[in-house]
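In what follows, a structure is listed as structure tokens, so that the remarks can point back to it.
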Amino acid sequence: MFQSTKLLYALTLVLLFSGGLLLAKYAPWADQSTANAGYANLGGDFTLSSKDGEVSLEDYRGQVVLMYFGFTSCPDVCPTALSTMAASMRQLTPNLEAQIQPLFVSVDPGRDTLDNLAIYSAYFHPRMLGITGSIEAIDEIVKKYGAYYSHIPLENSALAYTVDHTSRVYLIGTEGQLISTVAHGTSVDELVALLKQHL
């Protein structure tokens, strides 16, 4: 009786172990296509406005797009990120640089007029395009790209509020797919290396 109980126990352990191996091998969450999907569930086309008219991501098929969410009154984070984007483009050959479209998406449409956005964006790079839209349109693109922003009231300030927001550069491929996001503080050289992989 004791021996058969031990045998049954051992057999149960073997079955559980084998089942665990099979589950680990064939479980949906271990599927390599899912694991390699990366940003497959994020991104997508959008339409916002620039000084010169409507702008859609579809307009830049065949080019790599560098996109950043921010606002023109941002004291330091936005200028740093936009400067990094611009500097990385300038380190490329003119031919490669022409294959990149930098976009600055303002999440502060109440203060960032299209004229101001155009001037501000061009300060960093002549081809950088400042775009924005209604709060509803901005909320839609922010959600699509897994980004974030929030208007924060400022007491005793002429600005009245500031904007807390995601500080990442979004790298969008030539077919309009989100390839990667680049963390704030990434060096120009690192961004150049990433761009060269996709040009």
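Please note that chains go A, B, ... in the order of the structure tokens, that every chain numbers its residues from 1, and that ligands are numbered from 1 in the order shown.
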
Inset, instruction - Could you tell me, as a ChimeraX atom specification, which residues of region 56-197 of chain A DSSP assigns to alpha helix (DSSP H) when given the backbone? - result: /A:77-90,94-97,114-124,135-144,188-197

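Closest approach to Leu178 (chain A) from the set A:Gly146, A:Phe104, A:Lys51, A:Glu136 is made by A:Gly146, with distances taken over only C-alpha atoms.
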
Neighbour list for Ala81 (chain A) as a PyMOL selection string, cut-off 8 Å, only C-alpha atoms, skip fewer than 3 positions in-chain: chain A and resi 68+77-78+84-85+167-169+184-185

For the residues selected in the previous step, produce a file with N, CA and C atoms as a compact mmCIF listing (two decimals), in the first residue's frame.
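Below is the file selection-v8.txt, written as the result:
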```
# COMPACT_ATOMS: atom_id res chain seq x y z
N TYR A 68 7.20 64.03 -31.24
CA TYR A 68 7.32 64.34 -29.80
C TYR A 68 6.08 65.11 -29.35
N VAL A 77 12.29 70.30 -20.57
CA VAL A 77 12.21 68.94 -21.11
C VAL A 77 11.98 68.96 -22.63
N CYS A 78 11.01 69.75 -23.07
CA CYS A 78 10.71 69.80 -24.52
C CYS A 78 11.89 70.35 -25.33
N THR A 84 17.68 67.35 -29.33
CA THR A 84 18.27 66.03 -29.60
C THR A 84 17.79 65.50 -30.94
N MET A 85 16.49 65.64 -31.21
CA MET A 85 15.96 65.20 -32.50
C MET A 85 16.67 65.94 -33.64
N SER A 167 7.61 62.28 -21.96
CA SER A 167 8.78 62.85 -22.64
C SER A 167 9.54 61.73 -23.32
N ARG A 168 9.00 61.31 -24.45
CA ARG A 168 9.64 60.28 -25.27
C ARG A 168 9.53 60.69 -26.74
N VAL A 169 10.53 60.32 -27.51
CA VAL A 169 10.49 60.52 -28.95
C VAL A 169 9.94 59.24 -29.57
N HIS A 184 13.66 60.00 -22.69
CA HIS A 184 14.29 61.30 -22.47
C HIS A 184 15.70 61.08 -21.94
N GLY A 185 16.65 61.84 -22.44
CA GLY A 185 18.03 61.69 -21.99
C GLY A 185 18.86 60.79 -22.89
```

Near Phe71 (chain A), counting only C-alpha atoms, which residues have an atom at most 6 Å away, once you skip same-chain residues fewer than 2 positions from it, shown as a PDB file with N, CA, C and O atoms, in the first residue's frame?
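What follows is the written file part-v3.pdb:
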```pdb
ATOM      1  N   SER A  73       5.469  76.316 -24.004  1.00  0.00           N
ATOM      2  CA  SER A  73       5.853  76.961 -22.736  1.00  0.00           C
ATOM      3  C   SER A  73       6.657  76.033 -21.836  1.00  0.00           C
ATOM      4  O   SER A  73       6.999  76.408 -20.713  1.00  0.00           O
ATOM      5  N   CYS A  74       6.949  74.850 -22.302  1.00  0.00           N
ATOM      6  CA  CYS A  74       7.711  73.865 -21.532  1.00  0.00           C
ATOM      7  C   CYS A  74       9.103  74.429 -21.237  1.00  0.00           C
ATOM      8  O   CYS A  74       9.810  74.847 -22.146  1.00  0.00           O
ATOM      9  N   SER A 106       1.707  69.596 -30.186  1.00  0.00           N
ATOM     10  CA  SER A 106       1.392  70.363 -28.979  1.00  0.00           C
ATOM     11  C   SER A 106       0.150  69.794 -28.298  1.00  0.00           C
ATOM     12  O   SER A 106      -0.896  69.621 -28.923  1.00  0.00           O
ATOM     13  N   VAL A 107       0.295  69.536 -26.994  1.00  0.00           N
ATOM     14  CA  VAL A 107      -0.845  69.088 -26.185  1.00  0.00           C
ATOM     15  C   VAL A 107      -1.421  70.272 -25.401  1.00  0.00           C
ATOM     16  O   VAL A 107      -2.130  70.089 -24.416  1.00  0.00           O
ATOM     17  N   ASP A 108      -1.113  71.482 -25.886  1.00  0.00           N
ATOM     18  CA  ASP A 108      -1.610  72.710 -25.242  1.00  0.00           C
ATOM     19  C   ASP A 108      -2.225  73.625 -26.308  1.00  0.00           C
ATOM     20  O   ASP A 108      -1.750  74.746 -26.532  1.00  0.00           O
TER      21      ASP A 108
END
```

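The smallest atom-to-atom distance between Arg90 (chain A) and any of A:Leu103, A:Asp59, A:Pro126, A:Glu175, using only C-alpha atoms, is found for A:Pro126.
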
Filtered DSSP result for region 36-72 of chain A, state strand (DSSP E or B), as a PyMOL selection string: chain A and resi 47-50+53-56+64-70

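Near Gln63 (chain A), within a cut-off of 6 Å and counting only C-alpha atoms, sit the residues Tyr60, Gln99, Ile100 and Thr174 of chain A, with same-chain residues fewer than 3 positions away left out.
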
Would you mind telling me which residue in A:Ser49, A:Thr72, A:Ser157, A:Gln91 lies nearest to Ser134 (chain A) when using only C-alpha atoms?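 Among A:Ser49, A:Thr72, A:Ser157, A:Gln91, it is A:Ser49 that comes nearest to Ser134 (chain A).
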
Env of Met89 (chain A): 12 Å cut, atoms = only C-alpha atoms, seq-sep filter 4 positions within chain, self excluded. Answer as an MDAnalysis selection string.
chainID A and resid 64:66 82:85 93:102 124:128 188:196 199

If you count only C-alpha atoms, the residue of A:Ala40, A:Val105, A:Ile152, A:Ala86 closest to Ile138 (chain A) turns out to be A:Val105

_Could you list, as a PyMOL selection string, every residue within 12 Å of Val142 (chain A), counting only C-alpha atoms and ignoring same-chain residues fewer than 3 positions away?_
chain A and resi 42-46+67-70+105-107+132-133+135-139+145-150+165-166+170
